[in-house]
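Take a look at the structure below.
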Amino acid sequence: MPRVRELEVFRLVLPYGRRPETLLVRLTDHGGMSGWGELVSPEPKLWSALEEGLAAQLIGVDWEHPDQVPGGGSAVDMALWDLWTRMRGVPLAHALGGAGTSLMATVRLGLDPSTESLVSRVNQQVCGGYAHVTLDVRPGWDVEPVRAVRQAYPALSLAVDCGGAYTSPEQLVALDEYGLEVIERPFRVDDSYAHADLQDRVRASVAVEPRSTAELDDYLTLRAAKVLLLRPAALPSLSDARRAHDRAAAAGWDIQCAGGQGAGLSRAAAVAVASLPGCTLPCDVTQPPRNAQIVTPAVGASGGVVAVPLTQPGLGHTIDEERVRRLAKDAFRA
């Protein structure tokens, strides 16, 4: 029966972009084995809450499965799963029910100052092996860039991510003539009726990113989409991610798994979830750059394909502890 002997929590400042922060949790059992978890872009107040209450919740508590340790948040849950599967010598992907050995990946391209520049960036990714591209769009930057990319690449599998920036279906219907596979997150996540209206009016599949299985059930009841954008770290636990996968797959939805940013651990968990049989769309674990990660091998795509680590237990990656401590802005141990 596992029992946590020691925990460490690190707040890292990552060396890319606007130097985002991520939070790492390390749990060590009495045999000296460790499991790691990550929370990308943590709320500032979370740090003090963890420092005050996490030790009492975990240290010396007997448990047989990660689901028996509720309330620690997604980073703690991930660390519990990593520790539990390492102790059993099985990959996390297999423990969750995954069977895939490799995954197709999409590459996500942000807003661009010109359509010419955007088409050039798409060309670079296509030449690098990607067969699926997701473009960020916003009101005023949508039809023109999508048209330009489609004219340059008539057969390319193409999706758009709206970032919840639109307010009515009419703003997006015109995109449907360019053969999009998916329109991601068009409206605020709580506006399920707008999603349902748009899905009724376009051939492309609308993708939603619910924050809970209850929210997903609302979308399923309304038939408000056809794709679940599944971000495991955004849900309370990996078991919740599996339940969301099962419900969407049973409803006949496609599923795209996304890994966010961070230092690599969150994306490693996303790859494990993406190996589940219902994850039918290319996964999104390509950003940020590999040199920003603290895991070996780095999590990412090669030639548009992501390998699922099945020869190592747990998350399947080695943690560069020296780099973790070097990047840590704060840390505590209990």
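Please note that chains go A, B, ... in the order of the structure tokens, that every chain numbers its residues from 1, and that ligands are numbered from 1 in the order shown.
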
Residues at most 8 Å from range 101-108 of chain A, counting only C-alpha atoms, excluding those fewer than 6 positions away in the same chain, as a PDB file with N, CA and C atoms, in the first residue's frame?
```
ATOM      1  N   GLN A 125       5.739  24.370 -41.686  1.00  0.00           N
ATOM      2  CA  GLN A 125       5.239  23.240 -40.910  1.00  0.00           C
ATOM      3  C   GLN A 125       4.876  22.054 -41.801  1.00  0.00           C
ATOM      4  N   TYR A 130       4.045  18.066 -40.868  1.00  0.00           N
ATOM      5  CA  TYR A 130       2.690  18.176 -40.320  1.00  0.00           C
ATOM      6  C   TYR A 130       1.646  18.099 -41.431  1.00  0.00           C
ATOM      7  N   ALA A 131       0.639  17.253 -41.206  1.00  0.00           N
ATOM      8  CA  ALA A 131      -0.465  17.122 -42.150  1.00  0.00           C
ATOM      9  C   ALA A 131      -1.730  17.790 -41.631  1.00  0.00           C
ATOM     10  N   HIS A 132      -1.649  18.368 -40.428  1.00  0.00           N
ATOM     11  CA  HIS A 132      -2.803  19.022 -39.812  1.00  0.00           C
ATOM     12  C   HIS A 132      -2.326  20.314 -39.158  1.00  0.00           C
ATOM     13  N   VAL A 133      -3.019  21.415 -39.440  1.00  0.00           N
ATOM     14  CA  VAL A 133      -2.646  22.733 -38.920  1.00  0.00           C
ATOM     15  C   VAL A 133      -3.864  23.370 -38.271  1.00  0.00           C
ATOM     16  N   THR A 134      -3.660  23.986 -37.113  1.00  0.00           N
ATOM     17  CA  THR A 134      -4.704  24.738 -36.430  1.00  0.00           C
ATOM     18  C   THR A 134      -4.309  26.207 -36.404  1.00  0.00           C
ATOM     19  N   LEU A 135      -5.167  27.066 -36.928  1.00  0.00           N
ATOM     20  CA  LEU A 135      -4.906  28.500 -36.996  1.00  0.00           C
ATOM     21  C   LEU A 135      -5.694  29.230 -35.912  1.00  0.00           C
ATOM     22  N   ASP A 136      -5.041  30.119 -35.188  1.00  0.00           N
ATOM     23  CA  ASP A 136      -5.763  31.014 -34.290  1.00  0.00           C
ATOM     24  C   ASP A 136      -6.476  32.073 -35.123  1.00  0.00           C
ATOM     25  N   ALA A 274      -4.129  10.889 -24.685  1.00  0.00           N
ATOM     26  CA  ALA A 274      -4.378  10.887 -26.126  1.00  0.00           C
ATOM     27  C   ALA A 274      -4.243   9.509 -26.741  1.00  0.00           C
ATOM     28  N   SER A 275      -3.622   8.560 -26.017  1.00  0.00           N
ATOM     29  CA  SER A 275      -3.511   7.195 -26.530  1.00  0.00           C
ATOM     30  C   SER A 275      -4.796   6.392 -26.343  1.00  0.00           C
ATOM     31  N   LEU A 281      -8.650  12.632 -33.158  1.00  0.00           N
ATOM     32  CA  LEU A 281      -8.100  13.777 -33.871  1.00  0.00           C
ATOM     33  C   LEU A 281      -6.649  14.014 -33.465  1.00  0.00           C
ATOM     34  N   PRO A 282      -5.856  14.670 -34.319  1.00  0.00           N
ATOM     35  CA  PRO A 282      -4.446  14.931 -33.980  1.00  0.00           C
ATOM     36  C   PRO A 282      -4.318  15.674 -32.654  1.00  0.00           C
ATOM     37  N   CYS A 283      -3.370  15.253 -31.830  1.00  0.00           N
ATOM     38  CA  CYS A 283      -3.204  15.866 -30.513  1.00  0.00           C
ATOM     39  C   CYS A 283      -2.403  17.168 -30.622  1.00  0.00           C
ATOM     40  N   ASP A 284      -2.510  17.973 -29.585  1.00  0.00           N
ATOM     41  CA  ASP A 284      -1.861  19.287 -29.572  1.00  0.00           C
ATOM     42  C   ASP A 284      -0.886  19.342 -28.401  1.00  0.00           C
ATOM     43  N   VAL A 285       0.362  18.916 -28.645  1.00  0.00           N
ATOM     44  CA  VAL A 285       1.385  18.936 -27.596  1.00  0.00           C
ATOM     45  C   VAL A 285       2.703  19.481 -28.157  1.00  0.00           C
ATOM     46  N   THR A 286       2.607  20.400 -29.104  1.00  0.00           N
ATOM     47  CA  THR A 286       3.801  20.811 -29.837  1.00  0.00           C
ATOM     48  C   THR A 286       4.466  22.071 -29.315  1.00  0.00           C
ATOM     49  N   GLN A 287       3.810  22.825 -28.454  1.00  0.00           N
ATOM     50  CA  GLN A 287       4.365  24.077 -27.971  1.00  0.00           C
ATOM     51  C   GLN A 287       4.454  24.042 -26.454  1.00  0.00           C
ATOM     52  N   ALA A 301       6.495  16.566 -31.108  1.00  0.00           N
ATOM     53  CA  ALA A 301       6.295  15.827 -32.350  1.00  0.00           C
ATOM     54  C   ALA A 301       7.567  15.824 -33.180  1.00  0.00           C
ATOM     55  N   GLY A 304       5.519  15.500 -37.419  1.00  0.00           N
ATOM     56  CA  GLY A 304       4.074  15.482 -37.239  1.00  0.00           C
ATOM     57  C   GLY A 304       3.556  14.294 -36.457  1.00  0.00           C
ATOM     58  N   VAL A 305       4.456  13.519 -35.824  1.00  0.00           N
ATOM     59  CA  VAL A 305       4.059  12.324 -35.072  1.00  0.00           C
ATOM     60  C   VAL A 305       4.631  12.401 -33.660  1.00  0.00           C
ATOM     61  N   VAL A 306       3.826  12.028 -32.658  1.00  0.00           N
ATOM     62  CA  VAL A 306       4.243  12.012 -31.259  1.00  0.00           C
ATOM     63  C   VAL A 306       4.325  10.568 -30.798  1.00  0.00           C
ATOM     64  N   ALA A 307       5.452  10.180 -30.229  1.00  0.00           N
ATOM     65  CA  ALA A 307       5.614   8.822 -29.707  1.00  0.00           C
ATOM     66  C   ALA A 307       4.985   8.726 -28.317  1.00  0.00           C
ATOM     67  N   VAL A 308       4.311   7.607 -28.044  1.00  0.00           N
ATOM     68  CA  VAL A 308       3.782   7.319 -26.713  1.00  0.00           C
ATOM     69  C   VAL A 308       4.823   6.479 -25.974  1.00  0.00           C
ATOM     70  N   PRO A 309       5.357   6.954 -24.836  1.00  0.00           N
ATOM     71  CA  PRO A 309       6.415   6.206 -24.141  1.00  0.00           C
ATOM     72  C   PRO A 309       5.852   4.962 -23.450  1.00  0.00           C
ATOM     73  N   LEU A 310       6.098   3.798 -24.022  1.00  0.00           N
ATOM     74  CA  LEU A 310       5.529   2.555 -23.511  1.00  0.00           C
ATOM     75  C   LEU A 310       6.585   1.608 -22.947  1.00  0.00           C
TER      76      LEU A 310
END
```

Near-range 73-90 of chain A list (8 Å; only C-alpha atoms; drop same-chain fewer than 4 positions) as a PyMOL selection string: chain A and resi 2+23-28+33-39+65-67+69+94-95+233-238+269+312-315

Quick check for you: according to DSSP on this backbone, which residues of range 7-37 of chain A are classed as strand (DSSP E)? Reply as an MDAnalysis selection string. chainID A and resid 7:13 21:29 34:37

In Å, with one decimal, what is the gap from CA of Gly71 in chain A to CA of Ile59 in chain A?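 Atom-to-atom, CA of Gly71 in chain A and CA of Ile59 in chain A are spaced 14.3 Å apart.
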
Excluding Arg203 in chain A and any residue of its chain fewer than 6 positions from it, enumerate the residues within 9 Å of it, using only C-alpha atoms, and give them as an MDAnalysis selection string. chainID A and resid 176:177 179:181

Would you list the contacts of Ala249 in chain A as a list in words, taking every protein, DNA or RNA residue within 12 Å and counting only C-alpha atoms, but skipping same-chain residues closer than 6 positions in sequence? Leu216, Leu220, Lys226, Val227, Leu228, Leu230, Arg242, Arg243, Ile255, Gln256, Leu276, Pro277, Gly278, Cys279 and Thr280 of chain A

Set the distance at 7 Å and use only C-alpha atoms: which residues neighbour Ala334 in chain A once local chain neighbours fewer than 2 positions away are removed? I'd like the list as a short mmCIF file (atom, residue, chain, number, x, y, z; two decimals) with all heavy atoms, in the first residue's frame.
```
data_model
loop_
_atom_site.label_atom_id
_atom_site.label_comp_id
_atom_site.auth_asym_id
_atom_site.auth_seq_id
_atom_site.Cartn_x
_atom_site.Cartn_y
_atom_site.Cartn_z
N GLU A 6 7.47 11.99 1.75
CA GLU A 6 7.98 13.36 1.59
C GLU A 6 7.33 13.98 0.36
O GLU A 6 7.04 13.30 -0.63
CB GLU A 6 9.50 13.32 1.40
CG GLU A 6 10.14 14.69 1.24
CD GLU A 6 11.64 14.58 1.03
OE1 GLU A 6 12.07 14.42 -0.13
OE2 GLU A 6 12.38 14.64 2.04
N LEU A 7 7.09 15.28 0.45
CA LEU A 7 6.61 16.01 -0.73
C LEU A 7 7.45 17.26 -0.92
O LEU A 7 7.94 17.85 0.04
CB LEU A 7 5.12 16.35 -0.61
CG LEU A 7 4.66 17.39 0.42
CD1 LEU A 7 4.74 18.81 -0.15
CD2 LEU A 7 3.24 17.09 0.86
N GLU A 8 7.60 17.63 -2.18
CA GLU A 8 8.26 18.89 -2.54
C GLU A 8 7.39 19.60 -3.58
O GLU A 8 6.81 18.95 -4.45
CB GLU A 8 9.65 18.64 -3.13
CG GLU A 8 10.67 18.11 -2.15
CD GLU A 8 12.03 17.91 -2.80
OE1 GLU A 8 12.23 16.83 -3.38
OE2 GLU A 8 12.86 18.83 -2.75
N ALA A 55 0.70 18.92 3.18
CA ALA A 55 1.40 17.89 3.96
C ALA A 55 0.42 17.08 4.80
O ALA A 55 0.49 15.84 4.84
CB ALA A 55 2.47 18.53 4.84
N PHE A 332 9.18 24.42 -1.44
CA PHE A 332 9.09 23.99 -0.04
C PHE A 332 9.02 22.48 0.01
O PHE A 332 8.64 21.81 -0.96
CB PHE A 332 7.91 24.63 0.70
CG PHE A 332 6.54 24.13 0.29
CD1 PHE A 332 6.00 22.96 0.85
CD2 PHE A 332 5.78 24.84 -0.62
CE1 PHE A 332 4.75 22.52 0.49
CE2 PHE A 332 4.51 24.39 -0.99
CZ PHE A 332 3.99 23.23 -0.43
#
```

Please report, as a VMD selection string, each residue of range 80-303 of chain A to which DSSP assigns alpha helix (DSSP H) when run on this structure's backbone. chain A and resid 80 to 88 92 to 96 115 to 127 143 to 152 192 to 201 213 to 222 238 to 250 265 to 274

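With CA of Arg211 in chain A on one side and CA of Ala251 in chain A on the other, the separation reads 18.1 Å.
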
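The space separating CA of Pro20 in chain A from CA of Cys162 in chain A comes to 21.9 Å.
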
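Minimum atom-to-atom distances from A:Ser120, A:Thr22, A:Ile319, A:Ile183 to Tyr166 in chain A were compared using only C-alpha atoms, and the lowest value belongs to A:Ile183.
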
My list of candidates is A:Cys257, A:Val173, A:Ala272, A:Ala225. Which is closest to His195 in chain A when distances are computed with only C-alpha atoms?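 Looking only at the distances to His195 in chain A, the closest residue turns out to be A:Ala225.
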